[in-house]
file input.txt (compact mmCIF, C-alpha atoms and all ligand atoms)
# COMPACT_ATOMS: atom_id res chain seq x y z
CA MET B 20 0.00 0.00 0.00
CA SER B 21 1.26 3.51 -0.69
CA ASP B 22 2.49 5.61 2.22
CA LEU B 23 -0.35 8.03 1.59
CA ILE B 24 -3.09 5.39 1.86
CA THR B 25 -1.45 3.88 4.96
CA GLN B 26 -1.41 7.32 6.60
CA LEU B 27 -4.99 8.16 5.55
CA ASN B 28 -6.03 4.95 7.30
CA TRP B 29 -3.88 5.88 10.32
CA ARG B 30 -5.42 9.31 10.77
CA TYR B 31 -8.75 9.90 12.46
CA ALA B 32 -10.54 12.91 13.87
CA THR B 33 -8.76 12.94 17.22
CA LYS B 34 -11.09 13.67 20.13
CA LYS B 35 -8.64 13.39 23.02
CA PHE B 36 -5.21 14.94 22.68
CA ASP B 37 -2.19 14.33 24.90
CA THR B 38 -1.83 17.72 26.59
CA THR B 39 1.85 17.09 27.35
CA LYS B 40 2.94 16.53 23.74
CA LYS B 41 3.69 19.61 21.64
CA LEU B 42 4.60 19.95 17.98
CA THR B 43 8.19 20.96 17.32
CA SER B 44 8.60 24.25 15.46
CA GLU B 45 9.66 22.20 12.41
CA GLN B 46 6.47 20.13 12.53
CA LEU B 47 4.37 23.26 12.85
CA SER B 48 6.23 24.83 9.92
CA ILE B 49 5.44 21.81 7.74
CA LEU B 50 1.74 22.26 8.47
CA THR B 51 1.74 26.01 7.86
CA GLU B 52 3.72 25.48 4.64
CA ALA B 53 1.13 22.90 3.53
CA LEU B 54 -1.57 25.52 4.10
CA ARG B 55 0.38 28.17 2.24
CA LEU B 56 0.99 25.82 -0.70
CA ALA B 57 -2.63 24.68 -1.00
CA PRO B 58 -4.16 25.35 -4.41
CA SER B 59 -7.00 27.85 -4.83
CA SER B 60 -9.25 28.99 -7.63
CA PHE B 61 -7.12 31.08 -10.06
CA GLY B 62 -4.43 30.86 -7.36
CA LEU B 63 -6.00 33.89 -5.67
CA GLN B 64 -5.47 32.63 -2.09
CA PRO B 65 -8.38 34.49 -0.47
CA TRP B 66 -7.33 33.39 2.98
CA GLY B 67 -5.43 33.82 6.21
CA PHE B 68 -4.46 31.13 8.74
CA VAL B 69 -4.31 31.91 12.42
CA VAL B 70 -2.29 29.57 14.65
CA VAL B 71 -3.48 29.83 18.24
CA THR B 72 -1.19 28.54 20.99
CA ASP B 73 -2.15 30.96 23.82
CA PRO B 74 -3.94 28.86 26.50
CA THR B 75 -6.02 31.74 27.87
CA ILE B 76 -7.45 32.59 24.46
CA ARG B 77 -8.09 28.94 23.78
CA ILE B 78 -10.21 28.62 26.94
CA GLN B 79 -12.43 31.38 25.54
CA LEU B 80 -12.50 29.70 22.13
CA LYS B 81 -13.45 26.35 23.67
CA GLU B 82 -16.56 27.96 25.17
CA ALA B 83 -17.47 29.19 21.69
CA ALA B 84 -16.87 25.69 20.26
CA TRP B 85 -19.49 23.77 22.20
CA GLY B 86 -16.89 22.96 24.87
CA GLN B 87 -14.90 20.69 22.55
CA ALA B 88 -11.74 19.70 24.46
CA GLN B 89 -9.69 19.48 21.25
CA VAL B 90 -9.66 23.29 21.15
CA THR B 91 -7.63 23.61 24.36
CA ASP B 92 -5.89 20.24 24.63
CA ALA B 93 -4.14 19.91 21.27
CA SER B 94 -0.71 21.40 20.74
CA GLU B 95 -2.09 24.15 18.48
CA LEU B 96 -5.41 25.27 17.09
CA ILE B 97 -5.43 26.49 13.49
CA VAL B 98 -8.26 28.81 12.45
CA LEU B 99 -8.74 28.80 8.69
CA CYS B 100 -10.15 32.17 7.65
CA ARG B 101 -11.50 33.72 4.47
CA LYS B 102 -10.82 37.29 3.46
CA THR B 103 -13.98 39.29 3.97
CA GLU B 104 -13.43 42.13 1.51
CA PHE B 105 -12.27 40.35 -1.61
CA GLY B 106 -12.32 42.16 -4.91
CA GLU B 107 -10.34 43.88 -7.63
CA LYS B 108 -7.59 45.10 -5.31
CA ASN B 109 -6.79 41.49 -4.37
CA VAL B 110 -6.60 40.49 -8.03
CA ILE B 111 -4.19 43.37 -8.71
CA GLU B 112 -2.08 42.37 -5.71
CA PHE B 113 -1.94 38.78 -7.00
CA VAL B 114 -0.99 39.77 -10.55
CA GLN B 115 1.77 42.02 -9.21
CA ASP B 116 3.00 39.14 -7.07
CA ILE B 117 3.14 36.81 -10.11
CA ALA B 118 5.05 39.49 -12.02
CA ALA B 119 7.53 39.95 -9.17
CA GLN B 120 8.05 36.25 -8.44
CA ARG B 121 8.31 35.16 -12.07
CA GLY B 122 10.14 38.26 -13.26
CA ILE B 123 7.62 39.07 -15.98
CA PRO B 124 5.74 42.31 -16.73
CA ALA B 125 2.31 42.65 -15.08
CA GLU B 126 1.06 44.41 -18.25
CA GLY B 127 1.38 41.10 -20.14
CA MET B 128 -1.28 39.65 -17.85
CA ALA B 129 -3.88 42.37 -18.45
CA GLU B 130 -6.39 39.98 -20.03
CA TYR B 131 -5.91 37.39 -17.31
CA GLN B 132 -6.31 40.12 -14.70
CA LYS B 133 -9.56 41.29 -16.30
CA MET B 134 -10.91 37.75 -16.45
CA MET B 135 -10.22 37.21 -12.75
CA THR B 136 -11.58 40.64 -11.81
CA ASP B 137 -14.80 40.03 -13.79
CA SER B 138 -15.21 36.66 -12.12
CA VAL B 139 -14.71 37.98 -8.59
CA THR B 140 -16.67 41.22 -8.94
CA SER B 141 -19.66 39.60 -10.70
CA MET B 142 -20.45 37.48 -7.62
CA SER B 143 -23.07 38.54 -5.08
CA ALA B 144 -21.80 39.00 -1.52
CA THR B 145 -23.34 35.61 -0.62
CA ASP B 146 -21.73 33.82 -3.56
CA LEU B 147 -18.39 35.48 -2.89
CA SER B 148 -18.50 34.36 0.72
CA ALA B 149 -19.36 30.79 -0.38
CA TRP B 150 -16.58 30.82 -3.00
CA THR B 151 -13.92 32.01 -0.58
CA THR B 152 -15.12 29.49 2.00
CA HIS B 153 -14.74 26.66 -0.57
CA GLN B 154 -11.07 27.58 -0.92
CA LEU B 155 -10.58 27.21 2.84
CA TYR B 156 -12.07 23.72 2.84
CA LEU B 157 -9.59 22.74 0.17
CA SER B 158 -6.71 23.97 2.30
CA LEU B 159 -8.19 22.02 5.22
CA GLY B 160 -7.95 18.84 3.13
CA VAL B 161 -4.32 19.60 2.27
CA VAL B 162 -3.31 20.23 5.89
CA LEU B 163 -5.11 17.09 7.11
CA SER B 164 -3.23 14.98 4.55
CA ALA B 165 0.05 16.70 5.38
CA ALA B 166 -0.47 16.09 9.09
CA ALA B 167 -1.21 12.41 8.44
CA MET B 168 1.95 12.05 6.36
CA GLU B 169 3.94 13.53 9.27
CA ASN B 170 2.29 11.32 11.92
CA ILE B 171 0.66 14.39 13.43
CA ASP B 172 -2.86 14.02 14.75
CA ALA B 173 -5.60 16.47 13.86
CA CYS B 174 -9.27 17.18 14.37
CA PRO B 175 -11.12 19.29 11.81
CA MET B 176 -14.10 21.11 13.33
CA GLU B 177 -17.10 23.01 12.08
CA GLY B 178 -18.77 22.91 15.48
CA PHE B 179 -18.01 26.43 16.63
CA ASP B 180 -19.61 29.87 16.69
CA LYS B 181 -17.93 31.79 13.87
CA ALA B 182 -19.06 35.22 15.05
CA LYS B 183 -17.67 34.58 18.55
CA PHE B 184 -14.37 33.26 17.16
CA ASP B 185 -14.06 36.32 14.95
CA GLU B 186 -14.64 38.56 17.95
CA ILE B 187 -12.26 36.75 20.34
CA LEU B 188 -9.46 36.68 17.76
CA GLY B 189 -10.08 40.22 16.45
CA LEU B 190 -10.42 38.83 12.95
CA LYS B 191 -12.69 41.59 11.62
CA GLU B 192 -9.90 44.14 12.06
CA LYS B 193 -7.62 41.83 10.05
CA GLY B 194 -10.19 41.59 7.22
CA LEU B 195 -10.73 37.91 8.01
CA SER B 196 -13.58 35.67 9.10
CA SER B 197 -13.30 32.12 10.45
CA CYS B 198 -14.54 29.27 8.23
CA VAL B 199 -13.33 26.05 9.82
CA ILE B 200 -10.87 25.10 12.55
CA CYS B 201 -8.33 22.31 13.01
CA SER B 202 -6.62 21.14 16.19
CA VAL B 203 -3.19 19.58 15.68
CA GLY B 204 -1.02 17.63 18.09
CA PHE B 205 -0.79 14.05 19.32
CA ARG B 206 -3.49 11.61 20.36
CA ALA B 207 -3.87 10.65 24.04
CA SER B 208 -3.04 6.98 24.60
CA ASP B 209 -6.58 6.44 25.93
CA ASP B 210 -8.52 8.16 23.13
CA GLU B 211 -11.09 5.47 22.46
CA TYR B 212 -11.79 6.87 18.99
CA ALA B 213 -8.30 5.79 17.86
CA SER B 214 -9.24 2.12 17.83
CA LEU B 215 -12.63 2.46 16.16
CA LYS B 216 -12.86 0.90 12.73
CA LYS B 217 -12.76 3.55 10.01
CA VAL B 218 -16.18 3.70 8.37
CA ARG B 219 -16.30 4.58 4.68
CA TYR B 220 -18.58 3.50 1.82
CA SER B 221 -17.09 0.92 -0.52
CA ALA B 222 -15.29 2.03 -3.68
CA GLU B 223 -18.07 0.39 -5.73
CA LYS B 224 -20.56 2.71 -4.08
CA VAL B 225 -18.74 6.01 -4.52
CA ILE B 226 -16.35 5.62 -7.47
CA THR B 227 -17.78 5.61 -10.98
CA LYS B 228 -15.54 4.84 -13.92
CA ILE B 229 -16.90 5.82 -17.30
C1 LIG B 301 -15.52 19.87 7.80
C2 LIG B 301 -15.49 18.95 8.97
C3 LIG B 301 -16.04 19.35 10.17
C4 LIG B 301 -15.97 18.54 11.29
N1 LIG B 301 -16.43 19.00 12.51
C5 LIG B 301 -16.18 18.28 13.62
C6 LIG B 301 -16.44 18.81 14.91
O1 LIG B 301 -16.90 19.94 15.08
N2 LIG B 301 -16.13 18.04 15.99
C7 LIG B 301 -15.58 16.79 15.87
O2 LIG B 301 -15.31 16.18 16.88
N3 LIG B 301 -15.34 16.26 14.65
C8 LIG B 301 -15.60 16.97 13.53
N4 LIG B 301 -15.30 16.45 12.30
C9 LIG B 301 -14.74 15.10 12.20
C10 LIG B 301 -15.66 14.12 11.47
O3 LIG B 301 -16.73 13.75 12.30
C11 LIG B 301 -14.82 12.91 11.03
O4 LIG B 301 -13.81 13.35 10.16
C12 LIG B 301 -15.68 11.87 10.35
O5 LIG B 301 -16.58 11.28 11.26
C13 LIG B 301 -14.83 10.78 9.71
O6 LIG B 301 -14.02 10.15 10.68
P1 LIG B 301 -12.44 10.15 10.62
O7 LIG B 301 -11.98 11.51 10.22
O8 LIG B 301 -12.05 9.81 12.04
O9 LIG B 301 -12.01 9.11 9.63
C14 LIG B 301 -15.39 17.25 11.17
C15 LIG B 301 -14.86 16.84 9.95
C16 LIG B 301 -14.87 17.68 8.87
C17 LIG B 301 -14.23 17.23 7.58
call {"tool": "encode", "arguments": {"input": "input.txt", "output": "structure tokens", "more": "lines below"}}
Ligand SMILES: Cc1cc2nc3c(=O)[nH]c(=O)nc-3n(C[C@H](O)[C@H](O)[C@H](O)COP(=O)(O)O)c2cc1C
result
Amino acid sequence: MSDLITQLNWRYATKKFDTTKKLTSEQLSILTEALRLAPSSFGLQPWGFVVVTDPTIRIQLKEAAWGQAQVTDASELIVLCRKTEFGEKNVIEFVQDIAAQRGIPAEGMAEYQKMMTDSVTSMSATDLSAWTTHQLYLSLGVVLSAAAMENIDACPMEGFDKAKFDEILGLKEKGLSSCVICSVGFRASDDEYASLKKVRYSAEKVITKI
């Protein structure tokens, strides 16, 4: 079996973390790099990732996350956020970044820039919010796979009050809003979820080859 499939079988949504085990700074860097390298529509990266280690803040966040112990007990809590004001200025910033990083003139990308701007600015506020949120779920998938490959445990969570998280973390002032969260660290030796059989539909049920 490939390493990837072995590790995807190894991982599970960890409910009980070992509070004494912390990620090394190298392990944390691998996870934040995985987030940074995640693909996004057009490559526009409409996101920000907040790594919360501070125990006092995490006690407040736990209350706003239905008391889920993973929020306080894991080594770190990552809050995956969308940019709230996303529009033409972000497209311009991105095109200028491509020009700088690839050493090519931004003017040569005028048509590409217009296409992206039209796409982003033609969306309603609701659609734009949904579109940016989709990008964050993709980065969640990347970081979960990266964590598994590194033998790091994780728990993705949607069970939290986004408005309260935004307030506690001062995300509005940063132009961000929380979409989904992910605790990362190491499983407690007595987490009973670790030994549960992984339940997935069969390949015949979910894979169609045409
Ligand atoms: C987007 C998303 C949100 C989730 N939210 C929560 C949550 O709030 N709390 C929790 O304990 N597990 C949460 N989970 C974990 C799922 O319940 C778990 O991934 C699923 O049951 C499959 O089990 P496995 O990941 O252990 O294989 C979430 C998973 C995903 C992908």
call {"tool": "closest_atom_pairs", "arguments": {"input": "input.txt", "of": "chain B", "to": "ligand LIG 301 (chain B)", "cutoff": "9 Å", "atoms": "all atoms listed in the file", "output": "JSON lines"}}
result
{"residue": "B:Leu27", "atom": "CA", "partner": "B:LIG301", "partner_atom": "O9", "distance": 8.2}
{"residue": "B:Asn28", "atom": "CA", "partner": "B:LIG301", "partner_atom": "O9", "distance": 7.6}
{"residue": "B:Trp29", "atom": "CA", "partner": "B:LIG301", "partner_atom": "O9", "distance": 8.8}
{"residue": "B:Arg30", "atom": "CA", "partner": "B:LIG301", "partner_atom": "O9", "distance": 6.7}
{"residue": "B:Tyr31", "atom": "CA", "partner": "B:LIG301", "partner_atom": "O8", "distance": 3.3}
{"residue": "B:Ala32", "atom": "CA", "partner": "B:LIG301", "partner_atom": "O8", "distance": 3.9}
{"residue": "B:Thr33", "atom": "CA", "partner": "B:LIG301", "partner_atom": "O8", "distance": 6.9}
{"residue": "B:Lys34", "atom": "CA", "partner": "B:LIG301", "partner_atom": "O2", "distance": 5.9}
{"residue": "B:Ala84", "atom": "CA", "partner": "B:LIG301", "partner_atom": "O1", "distance": 7.7}
{"residue": "B:Trp85", "atom": "CA", "partner": "B:LIG301", "partner_atom": "O1", "distance": 8.5}
{"residue": "B:Gln87", "atom": "CA", "partner": "B:LIG301", "partner_atom": "N2", "distance": 7.2}
{"residue": "B:Gln89", "atom": "CA", "partner": "B:LIG301", "partner_atom": "O2", "distance": 7.8}
{"residue": "B:Tyr156", "atom": "CA", "partner": "B:LIG301", "partner_atom": "C1", "distance": 7.2}
{"residue": "B:Leu159", "atom": "CA", "partner": "B:LIG301", "partner_atom": "C17", "distance": 8.1}
{"residue": "B:Gly160", "atom": "CA", "partner": "B:LIG301", "partner_atom": "C17", "distance": 7.9}
{"residue": "B:Ala173", "atom": "CA", "partner": "B:LIG301", "partner_atom": "O7", "distance": 8.9}
{"residue": "B:Cys174", "atom": "CA", "partner": "B:LIG301", "partner_atom": "N3", "distance": 6.1}
{"residue": "B:Pro175", "atom": "CA", "partner": "B:LIG301", "partner_atom": "C14", "distance": 4.8}
{"residue": "B:Met176", "atom": "CA", "partner": "B:LIG301", "partner_atom": "N1", "distance": 3.2}
{"residue": "B:Glu177", "atom": "CA", "partner": "B:LIG301", "partner_atom": "N1", "distance": 4.1}
{"residue": "B:Gly178", "atom": "CA", "partner": "B:LIG301", "partner_atom": "O1", "distance": 3.5}
{"residue": "B:Phe179", "atom": "CA", "partner": "B:LIG301", "partner_atom": "O1", "distance": 6.8}
{"residue": "B:Val199", "atom": "CA", "partner": "B:LIG301", "partner_atom": "C1", "distance": 6.9}
{"residue": "B:Ile200", "atom": "CA", "partner": "B:LIG301", "partner_atom": "C3", "distance": 8.1}
{"residue": "B:Cys201", "atom": "CA", "partner": "B:LIG301", "partner_atom": "C4", "distance": 8.7}
{"residue": "B:Tyr212", "atom": "CA", "partner": "B:LIG301", "partner_atom": "O8", "distance": 7.6}
{"residue": "B:Ala213", "atom": "CA", "partner": "B:LIG301", "partner_atom": "O8", "distance": 8.0}
{"residue": "B:Leu215", "atom": "CA", "partner": "B:LIG301", "partner_atom": "O8", "distance": 8.4}
{"residue": "B:Lys216", "atom": "CA", "partner": "B:LIG301", "partner_atom": "O9", "distance": 8.8}
{"residue": "B:Lys217", "atom": "CA", "partner": "B:LIG301", "partner_atom": "O9", "distance": 5.6}
{"residue": "B:Val218", "atom": "CA", "partner": "B:LIG301", "partner_atom": "O9", "distance": 6.9}
{"residue": "B:Arg219", "atom": "CA", "partner": "B:LIG301", "partner_atom": "O9", "distance": 8.0}
call {"tool": "closest_residue", "arguments": {"input": "input.txt", "among": "B:Gly204, B:Pro65, B:Gly106, B:Gly127", "to": "Glu169 in chain B", "atoms": "all atoms listed in the file"}}
result
B:Gly204
call {"tool": "atom_distance", "arguments": {"input": "input.txt", "atom1": "CA of Ala129 in chain B", "atom2": "CA of Leu63 in chain B"}}
result
15.5 Å
call {"tool": "closest_residue", "arguments": {"input": "input.txt", "among": "B:Asn170, B:Ser94, B:Thr227, B:Gln79", "to": "Asp37 in chain B", "atoms": "all atoms listed in the file"}}
result
B:Ser94
call {"tool": "atom_distance", "arguments": {"input": "input.txt", "atom1": "CA of Phe36 in chain B", "atom2": "CA of Ala88 in chain B"}}
result
8.3 Å
call {"tool": "residues_around", "arguments": {"input": "input.txt", "residues": "Gln46 in chain B", "least_positions_apart": "3", "cutoff": "10 Å", "atoms": "all atoms listed in the file", "output": "list in words"}}
result
Lys41, Leu42, Thr43, Ile49, Leu50, Thr51, Glu52, Ala166, Glu169, Asn170, Ile171 and Gly204 of chain B
call {"tool": "closest_residue", "arguments": {"input": "input.txt", "among": "B:Val203, B:Thr103, B:Met168, B:Val69", "to": "Ala144 in chain B", "atoms": "all atoms listed in the file"}}
result
B:Thr103
call {"tool": "closest_residue", "arguments": {"input": "input.txt", "among": "B:Gly62, B:Ser44, B:Lys35, B:Ser164", "to": "Tyr131 in chain B", "atoms": "all atoms listed in the file"}}
result
B:Gly62
call {"tool": "atom_distance", "arguments": {"input": "input.txt", "atom1": "CA of Ala165 in chain B", "atom2": "CA of Thr39 in chain B"}}
result
22.0 Å
call {"tool": "closest_residue", "arguments": {"input": "input.txt", "among": "B:Asp172, B:Glu107, B:Glu130, B:Glu186", "to": "Met142 in chain B", "atoms": "only C-alpha atoms"}}
result
B:Glu107
call {"tool": "closest_residue", "arguments": {"input": "input.txt", "among": "B:Ser59, B:Ser202, B:Thr152, B:Ser138", "to": "Thr72 in chain B", "atoms": "all atoms listed in the file"}}
result
B:Ser202
call {"tool": "residues_near_point", "arguments": {"input": "input.txt", "point": "(-6.7, 28.2, 3.7)", "cutoff": "9 Å", "atoms": "all atoms listed in the file", "output": "PDB file with C-alpha atoms, in the coordinates of the input"}}
result
ATOM      1  CA  LEU B  54      -1.570  25.520   4.100  1.00  0.00           C
ATOM      2  CA  ARG B  55       0.380  28.170   2.240  1.00  0.00           C
ATOM      3  CA  ALA B  57      -2.630  24.680  -1.000  1.00  0.00           C
ATOM      4  CA  PRO B  58      -4.160  25.350  -4.410  1.00  0.00           C
ATOM      5  CA  SER B  59      -7.000  27.850  -4.830  1.00  0.00           C
ATOM      6  CA  GLN B  64      -5.470  32.630  -2.090  1.00  0.00           C
ATOM      7  CA  PRO B  65      -8.380  34.490  -0.470  1.00  0.00           C
ATOM      8  CA  TRP B  66      -7.330  33.390   2.980  1.00  0.00           C
ATOM      9  CA  GLY B  67      -5.430  33.820   6.210  1.00  0.00           C
ATOM     10  CA  PHE B  68      -4.460  31.130   8.740  1.00  0.00           C
ATOM     11  CA  VAL B  98      -8.260  28.810  12.450  1.00  0.00           C
ATOM     12  CA  LEU B  99      -8.740  28.800   8.690  1.00  0.00           C
ATOM     13  CA  CYS B 100     -10.150  32.170   7.650  1.00  0.00           C
ATOM     14  CA  ARG B 101     -11.500  33.720   4.470  1.00  0.00           C
ATOM     15  CA  THR B 152     -15.120  29.490   2.000  1.00  0.00           C
ATOM     16  CA  GLN B 154     -11.070  27.580  -0.920  1.00  0.00           C
ATOM     17  CA  LEU B 155     -10.580  27.210   2.840  1.00  0.00           C
ATOM     18  CA  TYR B 156     -12.070  23.720   2.840  1.00  0.00           C
ATOM     19  CA  LEU B 157      -9.590  22.740   0.170  1.00  0.00           C
ATOM     20  CA  SER B 158      -6.710  23.970   2.300  1.00  0.00           C
ATOM     21  CA  LEU B 159      -8.190  22.020   5.220  1.00  0.00           C
ATOM     22  CA  VAL B 162      -3.310  20.230   5.890  1.00  0.00           C
TER      23      VAL B 162
END
call {"tool": "residues_around", "arguments": {"input": "input.txt", "residues": "Thr38 in chain B", "least_positions_apart": "5", "cutoff": "8 Å", "atoms": "all atoms listed in the file", "output": "PDB file with C-alpha atoms, in the coordinates of the input"}}
result
ATOM      1  CA  ASP B  92      -5.890  20.240  24.630  1.00  0.00           C
ATOM      2  CA  ALA B  93      -4.140  19.910  21.270  1.00  0.00           C
ATOM      3  CA  SER B  94      -0.710  21.400  20.740  1.00  0.00           C
ATOM      4  CA  ALA B 207      -3.870  10.650  24.040  1.00  0.00           C
TER       5      ALA B 207
END
call {"tool": "residues_around", "arguments": {"input": "input.txt", "residues": "range 108-121 of chain B", "least_positions_apart": "4", "cutoff": "7 Å", "atoms": "all atoms listed in the file", "output": "list in words"}}
result
Leu63, Ala125, Gln132, Met135 and Thr136 of chain B
